[in-house]
Amino acid sequence: MSTTRTNLTLDDVRNILIKAVAAEAGVTPVELETDQPFTHYGLDSMAALSVGMEIEDALALTDPPVDLLWDHPTVDSLAEALWQLLNGEPLAEATDGRR
């Protein structure tokens, strides 16, 4: 994956995720609870793939880890992981208690 320091803030990354996940889940961004798992909104693996592709495009990521959405299944944890990737930092463990 190519990593370069970005002008995006963590809040920018979170907002991009909120819009992408909300659109796929069929809810408004305001209705999306960022600490709830994607499965709470009925997102399956196909929906996750769609969200993943949208995120890659919006953040100009190439070759992100394939299990990124699985390992970070909430907007909050995924935003942190993407922020780390965008800034060339190693990924921290998922914070959802699964590991």
# chains A, B, ... in the order shown; residues from 1 in each chain; ligands from 1

call {"tool": "select_by_dssp", "arguments": {"residues": "chain A", "states": "alpha helix (DSSP H)", "output": "ChimeraX atom specification"}}
result
/A:10-25,45-59,68-71,75-86

call {"tool": "closest_residue", "arguments": {"among": "A:Asp35, A:Asp71, A:Asp76, A:Glu24", "to": "Ala48 (chain A)", "atoms": "only C-alpha atoms"}}
result
A:Glu24

call {"tool": "atom_distance", "arguments": {"atom1": "CA of Trp83 (chain A)", "atom2": "CA of Ala47 (chain A)"}}
result
21.6 Å

call {"tool": "residues_around", "arguments": {"residues": "Glu31 (chain A)", "least_positions_apart": "6", "cutoff": "12 Å", "atoms": "only C-alpha atoms", "output": "list in words"}}
result
Ile18, Lys19, Val21, Ala22, Ala23, Ala25 and Tyr41 of chain A

call {"tool": "write_last_selection", "arguments": {"atoms": "C-alpha atoms", "output": "JSON list (two decimals), in the first residue's frame"}}
result
[["chain", "number", "residue", "atom", "x", "y", "z"],
["A", 18, "ILE", "CA", -19.92, 7.89, 7.92],
["A", 19, "LYS", "CA", -21.20, 8.98, 4.50],
["A", 21, "VAL", "CA", -21.48, 3.40, 5.42],
["A", 22, "ALA", "CA", -24.73, 5.35, 5.83],
["A", 23, "ALA", "CA", -25.34, 5.31, 2.07],
["A", 25, "ALA", "CA", -26.89, 0.93, 4.99],
["A", 41, "TYR", "CA", -26.91, -1.97, 9.95]]

call {"tool": "closest_residue", "arguments": {"among": "A:Val30, A:Val66, A:Leu8, A:Met46", "to": "Ala79 (chain A)", "atoms": "only C-alpha atoms"}}
result
A:Leu8
